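Quick look at run.cif (mmCIF, C-alpha atoms):
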data_run
loop_
_atom_site.group_PDB
_atom_site.id
_atom_site.type_symbol
_atom_site.label_atom_id
_atom_site.label_comp_id
_atom_site.auth_asym_id
_atom_site.auth_seq_id
_atom_site.Cartn_x
_atom_site.Cartn_y
_atom_site.Cartn_z
ATOM 1 C CA MET A 193 54.548 29.020 224.261
ATOM 2 C CA LYS A 194 52.995 27.460 221.159
ATOM 3 C CA ASN A 195 55.877 25.002 220.772
ATOM 4 C CA LYS A 196 55.516 23.916 224.390
ATOM 5 C CA ILE A 197 51.828 23.194 223.875
ATOM 6 C CA LEU A 198 52.483 21.126 220.752
ATOM 7 C CA ILE A 199 55.247 19.178 222.452
ATOM 8 C CA SER A 200 52.859 18.356 225.308
ATOM 9 C CA VAL A 201 50.261 17.120 222.820
ATOM 10 C CA ILE A 202 52.812 14.881 221.118
ATOM 11 C CA ILE A 203 53.911 13.387 224.430
ATOM 12 C CA ALA A 204 50.294 12.701 225.369
ATOM 13 C CA CYS A 205 49.732 10.916 222.045
ATOM 14 C CA PHE A 206 52.685 8.592 221.989
ATOM 15 C CA CYS A 207 53.708 7.763 225.531
ATOM 16 C CA GLY A 208 51.077 5.157 226.323
ATOM 17 C CA GLN A 209 48.856 7.665 228.059
ATOM 18 C CA THR A 210 45.345 8.941 227.411
ATOM 19 C CA PHE A 211 44.042 10.580 224.247
ATOM 20 C CA ALA A 212 42.702 14.096 224.812
ATOM 21 C CA GLN A 213 39.107 13.058 224.056
ATOM 22 C CA LEU A 214 38.249 12.710 227.739
ATOM 23 C CA ASN A 215 34.778 14.190 227.981
ATOM 24 C CA VAL A 216 35.894 17.125 230.088
ATOM 25 C CA PRO A 217 32.787 17.708 232.247
ATOM 26 C CA LEU A 218 30.508 20.399 230.902
ATOM 27 C CA ALA A 219 29.863 23.433 233.071
ATOM 28 C CA MET A 220 26.105 22.927 232.554
ATOM 29 C CA TYR A 221 25.843 19.169 232.774
ATOM 30 C CA SER A 222 22.856 18.664 235.095
ATOM 31 C CA GLY A 223 20.257 18.414 232.319
ATOM 32 C CA ASN A 224 22.517 16.942 229.646
ATOM 33 C CA GLN A 225 23.855 13.862 231.399
ATOM 34 C CA THR A 226 23.366 11.522 228.438
ATOM 35 C CA VAL A 227 26.915 12.637 227.594
ATOM 36 C CA TYR A 228 28.209 10.766 230.673
ATOM 37 C CA ASN A 229 25.510 8.227 231.507
ATOM 38 C CA PRO A 230 23.354 6.158 229.097
ATOM 39 C CA GLY A 231 20.995 5.587 232.039
ATOM 40 C CA TYR A 232 19.799 9.189 231.569
ATOM 41 C CA THR A 233 18.278 8.212 228.204
ATOM 42 C CA GLY A 234 14.502 8.757 228.149
ATOM 43 C CA LEU A 235 14.436 9.677 231.828
ATOM 44 C CA TYR A 236 11.684 12.320 231.600
ATOM 45 C CA ASP A 237 9.245 10.526 229.277
ATOM 46 C CA LEU A 238 9.843 13.262 226.689
ATOM 47 C CA LEU A 239 11.594 13.676 223.373
ATOM 48 C CA SER A 240 14.757 15.629 224.249
ATOM 49 C CA ILE A 241 17.158 17.248 221.755
ATOM 50 C CA ASN A 242 20.338 18.887 223.065
ATOM 51 C CA LEU A 243 23.129 20.899 221.468
ATOM 52 C CA THR A 244 26.209 22.075 223.360
ATOM 53 C CA VAL A 245 29.125 24.079 221.961
ATOM 54 C CA ARG A 246 32.176 24.687 224.137
ATOM 55 C CA LYS A 247 35.489 26.501 223.613
ATOM 56 C CA SER A 248 38.017 26.189 226.419
ATOM 57 C CA TRP A 249 40.923 28.510 227.237
ATOM 58 C CA VAL A 250 40.322 31.133 224.546
ATOM 59 C CA GLY A 251 43.570 32.698 223.326
ATOM 60 C CA LEU A 252 45.695 29.616 223.975
ATOM 61 C CA PRO A 253 46.951 28.055 220.688
ATOM 62 C CA GLY A 254 45.562 24.565 220.163
ATOM 63 C CA SER A 255 43.084 24.857 223.044
ATOM 64 C CA PRO A 256 40.195 22.345 223.205
ATOM 65 C CA SER A 257 36.874 22.876 221.450
ATOM 66 C CA MET A 258 33.851 20.607 221.525
ATOM 67 C CA ILE A 259 30.446 20.133 219.896
ATOM 68 C CA ASN A 260 27.969 17.672 221.387
ATOM 69 C CA PHE A 261 24.618 16.823 219.820
ATOM 70 C CA ASN A 262 22.343 14.216 221.355
ATOM 71 C CA GLY A 263 18.725 13.178 221.442
ATOM 72 C CA HIS A 264 16.610 10.572 223.218
ATOM 73 C CA ALA A 265 12.979 9.575 223.656
ATOM 74 C CA PRO A 266 10.945 6.781 225.287
ATOM 75 C CA PHE A 267 8.828 4.176 223.555
ATOM 76 C CA GLU A 268 5.066 4.423 224.036
ATOM 77 C CA SER A 269 5.213 2.057 227.036
ATOM 78 C CA GLN A 270 7.523 4.589 228.784
ATOM 79 C CA LYS A 271 9.609 1.698 230.151
ATOM 80 C CA ASN A 272 12.186 1.617 227.360
ATOM 81 C CA ALA A 273 13.960 4.392 225.492
ATOM 82 C CA MET A 274 16.463 4.928 222.684
ATOM 83 C CA GLY A 275 18.863 7.743 221.954
ATOM 84 C CA PHE A 276 22.068 8.829 220.241
ATOM 85 C CA VAL A 277 25.139 10.896 221.108
ATOM 86 C CA TYR A 278 27.469 12.574 218.621
ATOM 87 C CA GLN A 279 30.528 14.441 219.839
ATOM 88 C CA ARG A 280 33.420 16.153 218.075
ATOM 89 C CA GLU A 281 36.490 17.408 219.923
ATOM 90 C CA GLU A 282 39.605 19.181 218.690
ATOM 91 C CA TRP A 283 42.780 19.753 220.698
ATOM 92 C CA GLY A 284 45.968 20.836 218.978
ATOM 93 C CA ASN A 285 46.683 18.370 216.183
ATOM 94 C CA LEU A 286 44.131 15.879 217.532
ATOM 95 C CA THR A 287 40.528 15.443 216.347
ATOM 96 C CA GLY A 288 38.057 13.018 217.860
ATOM 97 C CA ASN A 289 34.608 12.065 216.591
ATOM 98 C CA SER A 290 32.359 9.698 218.515
ATOM 99 C CA VAL A 291 28.913 8.299 217.672
ATOM 100 C CA TYR A 292 26.898 6.179 220.113
ATOM 101 C CA ALA A 293 23.478 4.545 220.228
ATOM 102 C CA ASN A 294 21.880 4.415 223.706
ATOM 103 C CA TYR A 295 19.219 2.129 225.148
ATOM 104 C CA SER A 296 17.636 2.284 228.609
ATOM 105 C CA HIS A 297 15.058 0.366 230.627
ATOM 106 C CA LYS A 298 13.013 2.040 233.365
ATOM 107 C CA VAL A 299 12.031 0.434 236.676
ATOM 108 C CA TYR A 300 9.557 2.190 238.996
ATOM 109 C CA LEU A 301 10.710 2.065 242.617
ATOM 110 C CA GLY A 302 8.229 3.707 244.979
ATOM 111 C CA PRO A 303 8.087 7.436 244.224
ATOM 112 C CA GLY A 304 11.214 7.247 242.094
ATOM 113 C CA THR A 305 12.438 5.661 238.864
ATOM 114 C CA LEU A 306 15.617 3.719 238.127
ATOM 115 C CA ASN A 307 16.944 3.835 234.565
ATOM 116 C CA LEU A 308 19.447 1.180 233.487
ATOM 117 C CA GLY A 309 21.285 2.066 230.284
ATOM 118 C CA VAL A 310 23.826 0.724 227.805
ATOM 119 C CA GLN A 311 25.557 2.347 224.854
ATOM 120 C CA ALA A 312 27.627 1.162 221.918
ATOM 121 C CA GLY A 313 29.295 3.021 219.093
ATOM 122 C CA PHE A 314 32.511 4.095 217.434
ATOM 123 C CA LEU A 315 35.377 6.478 218.189
ATOM 124 C CA ASN A 316 37.260 8.041 215.304
ATOM 125 C CA HIS A 317 40.696 9.418 216.221
ATOM 126 C CA ILE A 318 42.737 11.585 213.833
ATOM 127 C CA VAL A 319 46.312 12.811 214.335
ATOM 128 C CA ASP A 320 47.287 15.481 211.794
ATOM 129 C CA TRP A 321 51.055 15.866 211.817
ATOM 130 C CA ASP A 322 50.899 18.541 209.106
ATOM 131 C CA LYS A 323 49.567 20.930 211.758
ATOM 132 C CA ILE A 324 52.886 20.729 213.601
ATOM 133 C CA ASP A 325 56.136 22.359 212.535
ATOM 134 C CA TYR A 326 58.884 20.104 213.846
ATOM 135 C CA VAL A 327 62.221 18.564 212.903
ATOM 136 C CA MET A 328 62.247 14.744 213.037
ATOM 137 C CA HIS A 329 65.503 13.039 213.901
ATOM 138 C CA GLU A 330 66.386 10.144 211.605
ATOM 139 C CA THR A 331 66.309 7.710 214.557
ATOM 140 C CA ASP A 332 62.895 8.821 215.844
ATOM 141 C CA GLN A 333 60.359 6.182 214.819
ATOM 142 C CA THR A 334 57.330 7.511 216.702
ATOM 143 C CA LEU A 335 56.661 10.716 214.765
ATOM 144 C CA ASP A 336 54.959 10.511 211.372
ATOM 145 C CA LYS A 337 53.665 12.803 208.664
ATOM 146 C CA GLY A 338 50.261 13.463 207.185
ATOM 147 C CA ARG A 339 46.804 12.745 208.481
ATOM 148 C CA GLN A 340 46.361 9.473 210.382
ATOM 149 C CA PRO A 341 42.756 8.374 211.088
ATOM 150 C CA SER A 342 41.734 5.355 213.154
ATOM 151 C CA THR A 343 38.258 4.079 214.103
ATOM 152 C CA LYS A 344 37.526 1.805 217.080
ATOM 153 C CA PHE A 345 34.469 0.199 218.680
ATOM 154 C CA ASP A 346 33.481 1.367 222.174
ATOM 155 C CA ALA A 347 30.762 0.775 224.788
ATOM 156 C CA GLY A 348 29.461 2.033 228.145
ATOM 157 C CA LEU A 349 27.036 1.253 230.997
ATOM 158 C CA GLY A 350 25.068 3.444 233.395
ATOM 159 C CA ALA A 351 22.395 3.573 236.084
ATOM 160 C CA TYR A 352 20.392 6.653 237.058
ATOM 161 C CA PHE A 353 17.867 7.091 239.889
ATOM 162 C CA LEU A 354 15.418 9.998 239.921
ATOM 163 C CA ALA A 355 13.355 10.755 243.046
ATOM 164 C CA PRO A 356 10.847 13.597 243.653
ATOM 165 C CA ASN A 357 13.542 16.022 244.825
ATOM 166 C CA TRP A 358 16.946 14.388 244.217
ATOM 167 C CA TYR A 359 18.885 12.282 241.722
ATOM 168 C CA ALA A 360 21.991 10.092 241.627
ATOM 169 C CA GLY A 361 23.807 8.443 238.745
ATOM 170 C CA ILE A 362 26.789 6.160 238.189
ATOM 171 C CA SER A 363 28.351 5.080 234.897
ATOM 172 C CA ALA A 364 31.361 3.401 233.306
ATOM 173 C CA MET A 365 32.331 4.771 229.889
ATOM 174 C CA ASN A 366 34.922 3.858 227.219
ATOM 175 C CA LEU A 367 34.983 0.256 228.447
ATOM 176 C CA MET A 368 36.813 -1.029 225.343
ATOM 177 C CA GLN A 369 39.829 1.226 226.049
ATOM 178 C CA PRO A 370 40.816 1.451 222.355
ATOM 179 C CA LYS A 371 44.443 1.958 221.357
ATOM 180 C CA TYR A 372 45.604 4.440 218.708
ATOM 181 C CA GLY A 373 48.865 5.183 216.897
ATOM 182 C CA VAL A 374 50.412 1.804 217.730
ATOM 183 C CA HIS A 375 54.157 1.584 216.997
ATOM 184 C CA GLU A 376 56.507 -1.313 217.690
ATOM 185 C CA ILE A 377 60.063 -0.208 218.384
ATOM 186 C CA ASP A 378 62.759 -2.691 219.399
ATOM 187 C CA GLY A 379 60.102 -5.183 220.427
ATOM 188 C CA LYS A 380 58.237 -2.648 222.613
ATOM 189 C CA GLU A 381 54.753 -1.368 221.771
ATOM 190 C CA TRP A 382 54.079 2.390 221.969
ATOM 191 C CA PHE A 383 50.560 3.759 221.668
ATOM 192 C CA SER A 384 47.954 6.253 222.826
ATOM 193 C CA GLN A 385 45.020 4.723 224.717
ATOM 194 C CA MET A 386 41.553 5.874 225.681
ATOM 195 C CA ARG A 387 41.203 4.873 229.342
ATOM 196 C CA SER A 388 37.887 3.852 230.875
ATOM 197 C CA GLN A 389 36.115 6.698 232.673
ATOM 198 C CA PHE A 390 33.877 6.394 235.720
ATOM 199 C CA PHE A 391 31.313 9.068 236.594
ATOM 200 C CA LEU A 392 29.282 9.705 239.739
ATOM 201 C CA THR A 393 26.626 12.441 239.805
ATOM 202 C CA GLY A 394 24.111 13.709 242.322
ATOM 203 C CA GLY A 395 21.819 16.666 242.988
ATOM 204 C CA TYR A 396 19.037 17.957 245.244
ATOM 205 C CA VAL A 397 16.231 20.531 245.088
ATOM 206 C CA TYR A 398 15.266 22.788 248.010
ATOM 207 C CA ASP A 399 12.003 24.613 247.224
ATOM 208 C CA ILE A 400 11.139 27.865 248.996
ATOM 209 C CA ASP A 401 7.948 29.383 247.577
ATOM 210 C CA GLU A 402 8.784 30.475 244.012
ATOM 211 C CA TRP A 403 12.501 30.009 244.554
ATOM 212 C CA SER A 404 14.603 26.858 244.527
ATOM 213 C CA LEU A 405 18.195 26.063 245.460
ATOM 214 C CA ARG A 406 19.833 23.183 243.596
ATOM 215 C CA PRO A 407 23.259 21.915 244.737
ATOM 216 C CA GLU A 408 24.925 19.359 242.466
ATOM 217 C CA VAL A 409 28.139 17.376 242.087
ATOM 218 C CA LEU A 410 29.864 15.412 239.329
ATOM 219 C CA MET A 411 33.008 13.318 239.859
ATOM 220 C CA ARG A 412 35.136 11.624 237.211
ATOM 221 C CA TYR A 413 37.816 9.015 237.808
ATOM 222 C CA VAL A 414 40.316 7.875 235.176
ATOM 223 C CA HIS A 415 43.216 5.584 236.005
ATOM 224 C CA THR A 416 46.578 7.427 236.166
ATOM 225 C CA MET A 417 44.802 10.812 236.320
ATOM 226 C CA PRO A 418 43.779 12.982 239.314
ATOM 227 C CA LEU A 419 40.166 12.733 240.468
ATOM 228 C CA LEU A 420 38.144 15.528 238.843
ATOM 229 C CA VAL A 421 35.308 17.038 240.879
ATOM 230 C CA ASN A 422 32.653 19.541 239.765
ATOM 231 C CA VAL A 423 30.647 20.956 242.653
ATOM 232 C CA GLY A 424 28.204 23.843 242.441
ATOM 233 C CA ALA A 425 24.757 25.263 243.065
ATOM 234 C CA HIS A 426 22.077 27.179 241.172
ATOM 235 C CA VAL A 427 19.281 29.461 242.332
ATOM 236 C CA PHE A 428 16.080 29.553 240.253
ATOM 237 C CA TYR A 429 13.043 31.771 240.203
ATOM 238 C CA ASP A 430 9.695 30.302 239.179
ATOM 239 C CA ASN A 431 11.536 27.355 237.599
ATOM 240 C CA THR A 432 12.298 29.694 234.687
ATOM 241 C CA TYR A 433 15.409 31.794 235.314
ATOM 242 C CA GLY A 434 18.556 30.533 236.964
ATOM 243 C CA LEU A 435 21.959 31.751 238.090
ATOM 244 C CA GLY A 436 24.691 29.462 239.363
ATOM 245 C CA VAL A 437 28.351 28.788 239.943
ATOM 246 C CA THR A 438 30.419 25.604 239.704
ATOM 247 C CA LEU A 439 33.916 24.959 241.020
ATOM 248 C CA ARG A 440 36.131 22.462 239.213
ATOM 249 C CA THR A 441 39.192 20.784 240.693
ATOM 250 C CA GLY A 442 42.003 19.260 238.656
ATOM 251 C CA ILE A 443 41.599 21.698 235.757
ATOM 252 C CA LYS A 444 41.063 24.423 238.388
ATOM 253 C CA ALA A 445 38.318 26.681 237.094
ATOM 254 C CA VAL A 446 35.216 28.541 238.269
ATOM 255 C CA ASN A 447 32.179 28.644 235.965
ATOM 256 C CA PHE A 448 29.383 31.231 236.137
ATOM 257 C CA ASN A 449 26.147 29.970 234.567
ATOM 258 C CA LEU A 450 22.965 31.618 233.270
ATOM 259 C CA LYS A 451 19.921 29.507 232.301
ATOM 260 C CA ALA A 452 16.416 30.320 231.136
ATOM 261 C CA ASN A 453 13.204 28.884 229.702
ATOM 262 C CA ILE A 454 12.504 31.219 226.799
ATOM 263 C CA MET A 455 9.338 29.442 225.625
ATOM 264 C CA GLU A 456 7.530 26.171 226.232
ATOM 265 C CA GLY A 457 9.945 23.316 225.620
ATOM 266 C CA LEU A 458 12.882 25.548 224.604
ATOM 267 C CA ARG A 459 15.671 26.363 227.029
ATOM 268 C CA ILE A 460 19.057 28.003 226.689
ATOM 269 C CA GLY A 461 22.115 28.319 228.878
ATOM 270 C CA TYR A 462 25.446 30.157 228.824
ATOM 271 C CA SER A 463 28.520 29.591 230.968
ATOM 272 C CA TYR A 464 31.730 31.576 231.330
ATOM 273 C CA GLY A 465 34.683 29.813 232.934
ATOM 274 C CA VAL A 466 37.655 31.441 234.662
ATOM 275 C CA ALA A 467 40.816 29.380 235.181
ATOM 276 C CA TYR A 468 42.697 29.987 238.413
ATOM 277 C CA GLY A 469 45.514 27.445 238.018
ATOM 278 C CA ALA A 470 48.716 27.402 235.959
ATOM 279 C CA LEU A 471 46.831 28.231 232.726
ATOM 280 C CA LYS A 472 45.448 31.522 234.037
ATOM 281 C CA PRO A 473 48.113 33.851 232.505
ATOM 282 C CA TYR A 474 47.867 32.274 229.042
ATOM 283 C CA GLN A 475 44.131 32.275 228.259
ATOM 284 C CA ARG A 476 41.033 34.473 228.400
ATOM 285 C CA GLY A 477 38.441 32.114 229.826
ATOM 286 C CA SER A 478 36.108 29.403 228.484
ATOM 287 C CA HIS A 479 32.674 29.692 226.890
ATOM 288 C CA GLU A 480 29.835 27.188 226.730
ATOM 289 C CA ILE A 481 26.414 27.501 225.089
ATOM 290 C CA GLN A 482 23.643 24.945 225.514
ATOM 291 C CA ILE A 483 20.274 24.662 223.739
ATOM 292 C CA ASN A 484 17.651 22.141 224.805
ATOM 293 C CA TYR A 485 14.280 21.306 223.279
ATOM 294 C CA THR A 486 11.732 18.892 224.771
ATOM 295 C CA LEU A 487 8.399 17.673 223.445
ATOM 296 C CA GLN A 488 5.768 15.289 224.780
ATOM 297 C CA ILE A 489 5.203 12.745 222.020
ATOM 298 C CA TRP A 490 2.986 10.190 223.783
ATOM 299 C CA LYS A 491 -0.403 10.945 225.347
ATOM 300 C CA ARG A 492 -0.999 9.440 228.777
ATOM 301 C CA ASP A 493 -3.380 9.898 231.693
ATOM 302 C CA GLU A 494 -0.713 10.809 234.206
ATOM 303 C CA MET A 495 3.006 11.303 234.464
ATOM 304 C CA LYS A 496 5.120 10.796 237.558
ATOM 305 C CA HIS A 497 6.064 14.245 238.852
ATOM 306 C CA HIS A 498 9.723 15.084 239.227
ATOM 307 C CA PRO A 499 11.491 18.449 239.241
ATOM 308 C CA ASP A 500 13.039 19.450 235.963
ATOM 309 C CA PHE A 501 16.742 18.972 236.569
ATOM 310 C CA TRP A 502 17.680 20.413 233.192
ATOM 311 C CA LEU A 503 17.676 23.844 234.776
#
As structure tokens, the full file:
Amino acid sequence: MKNKILISVIIACFCGQTFAQLNVPLAMYSGNQTVYNPGYTGLYDLLSINLTVRKSWVGLPGSPSMINFNGHAPFESQKNAMGFVYQREEWGNLTGNSVYANYSHKVYLGPGTLNLGVQAGFLNHIVDWDKIDYVMHETDQTLDKGRQPSTKFDAGLGAYFLAPNWYAGISAMNLMQPKYGVHEIDGKEWFSQMRSQFFLTGGYVYDIDEWSLRPEVLMRYVHTMPLLVNVGAHVFYDNTYGLGVTLRTGIKAVNFNLKANIMEGLRIGYSYGVAYGALKPYQRGSHEIQINYTLQIWKRDEMKHHPDFWL
């Protein structure tokens, strides 16, 4: 089984397809959307610091793991904001590190706000052939040895609208489509390429006394890959404790989520994912932990009221 996984990784790296660093949608993405949309930067007029750790398909050799750390805050005018995103992913013999700077501008539209965002940064891609035990044929010119790093420039765009009880966002990420591991064999170029990714998100809040129901959806489109859809809903009590479930197509998994405000400004979440597709017999589920801290850094007379979609 291990050899089959490694062979699949090699094919993905050197057949002109997409590198594994594909921002697989988080199970608890609703309040951490800076990962997919720079338009989310500074949305709530608060300093926001977020840490997410995820391990997918526990028990499967070479399975993906991810750490995402990001922060963002508005300027004193509240109309402009800056932020950063750092992400590290590992999958088999592949390691990806990305660092972005985000900027957004806010436009007030009636009871809602429209955030327009841009991001720019660098992707660092490392292929470590020493992690693979293989026999290389003397005529094979695509497989190498040792640790091969490569760093490329990247950029993204996004727009995010927040209304009193709903939100919608759209973004285009990895617009530079950087190429890695380029080889020229018999006049033909072979490489691994990061394809552009397009995200669409939306959510709504139904309030019933101290309870609220919050359906949400996230869709991701990448050329040559199946459309990935995350659809789910959460139930919250007193805007403090939440329980939810999300269904993911493509990767075929169900995630069960727990979220809570444990003190003012500090929130935590845990998700357990169960695969129901072809991977089900070979792994023991996926785990995701999220920590979020927010702080009001600018004093103002009033703040436009919107539900807290982090939860």
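You will find atom CA of A:Met417 at 17.9 Å from atom CA of A:Leu471.
Minimum atom-to-atom distances from A:Leu354, A:Leu405, A:Ala293, A:Ile481 to A:Ala425 were compared using all atoms listed in the file, and the lowest value belongs to A:Leu405.
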For atom CA of A:Met365 and atom CA of A:Gly424, the interatomic separation in Å (one decimal):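 These two atoms are separated by 23.2 Å.
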Separation of atom CA of A:Tyr429 from atom CA of A:Val397, in Å and rounded to one decimal: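 Computing it gives 12.7 Å between the two atoms.
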Running the PyMOL selection byres ((chain A and resi 250) around 9) on this model by hand, what would come out? Give it as a JSON list (two decimals) with C-alpha atoms, keeping the file's coordinate frame.
[["chain", "number", "residue", "atom", "x", "y", "z"],
["A", 247, "LYS", "CA", 35.49, 26.50, 223.61],
["A", 248, "SER", "CA", 38.02, 26.19, 226.42],
["A", 249, "TRP", "CA", 40.92, 28.51, 227.24],
["A", 251, "GLY", "CA", 43.57, 32.70, 223.33],
["A", 252, "LEU", "CA", 45.70, 29.62, 223.98],
["A", 253, "PRO", "CA", 46.95, 28.06, 220.69],
["A", 255, "SER", "CA", 43.08, 24.86, 223.04],
["A", 256, "PRO", "CA", 40.20, 22.34, 223.20],
["A", 474, "TYR", "CA", 47.87, 32.27, 229.04],
["A", 475, "GLN", "CA", 44.13, 32.28, 228.26],
["A", 476, "ARG", "CA", 41.03, 34.47, 228.40],
["A", 477, "GLY", "CA", 38.44, 32.11, 229.83],
["A", 478, "SER", "CA", 36.11, 29.40, 228.48],
["A", 479, "HIS", "CA", 32.67, 29.69, 226.89]]
Selection: 6 Å around A:Leu286, all atoms listed in the file, excl. self and same-chain fewer than 3 positions, as JSON, numbers by chain: {"A": [282, 283, 318, 319]}
For A:Thr226: contacts at 12 Å, all atoms listed in the file, fewer than 2 positions along chain excluded, given as a PyMOL selection string: chain A and resi 215+217-218+221-224+228-235+240-243+260-265+274-279+292-296+307+309-311+348-352+361-363+365+391+393+502
Go ahead and save the residues from that selection, with C-alpha atoms, as an mmCIF file, keeping the file's coordinate frame.
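The resulting file, part-v7.cif, is reproduced below:
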data_model
loop_
_atom_site.group_PDB
_atom_site.id
_atom_site.type_symbol
_atom_site.label_atom_id
_atom_site.label_comp_id
_atom_site.auth_asym_id
_atom_site.auth_seq_id
_atom_site.Cartn_x
_atom_site.Cartn_y
_atom_site.Cartn_z
ATOM 1 C CA ASN A 215 34.778 14.190 227.981
ATOM 2 C CA PRO A 217 32.787 17.708 232.247
ATOM 3 C CA LEU A 218 30.508 20.399 230.902
ATOM 4 C CA TYR A 221 25.843 19.169 232.774
ATOM 5 C CA SER A 222 22.856 18.664 235.095
ATOM 6 C CA GLY A 223 20.257 18.414 232.319
ATOM 7 C CA ASN A 224 22.517 16.942 229.646
ATOM 8 C CA TYR A 228 28.209 10.766 230.673
ATOM 9 C CA ASN A 229 25.510 8.227 231.507
ATOM 10 C CA PRO A 230 23.354 6.158 229.097
ATOM 11 C CA GLY A 231 20.995 5.587 232.039
ATOM 12 C CA TYR A 232 19.799 9.189 231.569
ATOM 13 C CA THR A 233 18.278 8.212 228.204
ATOM 14 C CA GLY A 234 14.502 8.757 228.149
ATOM 15 C CA LEU A 235 14.436 9.677 231.828
ATOM 16 C CA SER A 240 14.757 15.629 224.249
ATOM 17 C CA ILE A 241 17.158 17.248 221.755
ATOM 18 C CA ASN A 242 20.338 18.887 223.065
ATOM 19 C CA LEU A 243 23.129 20.899 221.468
ATOM 20 C CA ASN A 260 27.969 17.672 221.387
ATOM 21 C CA PHE A 261 24.618 16.823 219.820
ATOM 22 C CA ASN A 262 22.343 14.216 221.355
ATOM 23 C CA GLY A 263 18.725 13.178 221.442
ATOM 24 C CA HIS A 264 16.610 10.572 223.218
ATOM 25 C CA ALA A 265 12.979 9.575 223.656
ATOM 26 C CA MET A 274 16.463 4.928 222.684
ATOM 27 C CA GLY A 275 18.863 7.743 221.954
ATOM 28 C CA PHE A 276 22.068 8.829 220.241
ATOM 29 C CA VAL A 277 25.139 10.896 221.108
ATOM 30 C CA TYR A 278 27.469 12.574 218.621
ATOM 31 C CA GLN A 279 30.528 14.441 219.839
ATOM 32 C CA TYR A 292 26.898 6.179 220.113
ATOM 33 C CA ALA A 293 23.478 4.545 220.228
ATOM 34 C CA ASN A 294 21.880 4.415 223.706
ATOM 35 C CA TYR A 295 19.219 2.129 225.148
ATOM 36 C CA SER A 296 17.636 2.284 228.609
ATOM 37 C CA ASN A 307 16.944 3.835 234.565
ATOM 38 C CA GLY A 309 21.285 2.066 230.284
ATOM 39 C CA VAL A 310 23.826 0.724 227.805
ATOM 40 C CA GLN A 311 25.557 2.347 224.854
ATOM 41 C CA GLY A 348 29.461 2.033 228.145
ATOM 42 C CA LEU A 349 27.036 1.253 230.997
ATOM 43 C CA GLY A 350 25.068 3.444 233.395
ATOM 44 C CA ALA A 351 22.395 3.573 236.084
ATOM 45 C CA TYR A 352 20.392 6.653 237.058
ATOM 46 C CA GLY A 361 23.807 8.443 238.745
ATOM 47 C CA ILE A 362 26.789 6.160 238.189
ATOM 48 C CA SER A 363 28.351 5.080 234.897
ATOM 49 C CA MET A 365 32.331 4.771 229.889
ATOM 50 C CA PHE A 391 31.313 9.068 236.594
ATOM 51 C CA THR A 393 26.626 12.441 239.805
ATOM 52 C CA TRP A 502 17.680 20.413 233.192
#
Residues selected by the PyMOL selection byres ((chain A and resi 396) around 9), written as a VMD selection string: chain A and resid 357 to 359 394 to 395 397 to 398 405 to 408
Limited to C-alpha atoms, could you put the picked residues into a file as a short mmCIF file (atom, residue, chain, number, x, y, z; two decimals), in the frame of the given file?
data_model
loop_
_atom_site.label_atom_id
_atom_site.label_comp_id
_atom_site.auth_asym_id
_atom_site.auth_seq_id
_atom_site.Cartn_x
_atom_site.Cartn_y
_atom_site.Cartn_z
CA ASN A 357 13.54 16.02 244.82
CA TRP A 358 16.95 14.39 244.22
CA TYR A 359 18.89 12.28 241.72
CA GLY A 394 24.11 13.71 242.32
CA GLY A 395 21.82 16.67 242.99
CA VAL A 397 16.23 20.53 245.09
CA TYR A 398 15.27 22.79 248.01
CA LEU A 405 18.20 26.06 245.46
CA ARG A 406 19.83 23.18 243.60
CA PRO A 407 23.26 21.92 244.74
CA GLU A 408 24.92 19.36 242.47
#
Would you compute an axis-aligned box for stretch 299-306 of chain A, covering every atom listed for it in the file with 3 Å of margin on each side, and report centre and edge lengths in Å to one decimal as JSON?
{"center_x": 11.9, "center_y": 3.9, "center_z": 240.8, "size_x": 13.5, "size_y": 13.0, "size_z": 14.3}
Among the residues A:Thr432, A:Ala470, A:Gly313, A:Lys444, the one that comes closest to A:Leu458 [using only C-alpha atoms]: A:Thr432
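Among the candidate residues A:Gln482, A:Thr305, A:Asn447, A:Gln369, the one lying nearest to A:Gly465 is A:Asn447, with distances computed using all atoms listed in the file.
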Spatial neighbours of A:Gly442, max dist 8 Å, only C-alpha atoms, sep filter under 4 positions, as a list in words: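 Close residues of A:Gly442: Pro418, Leu419, Leu420 and Val421 of chain A.
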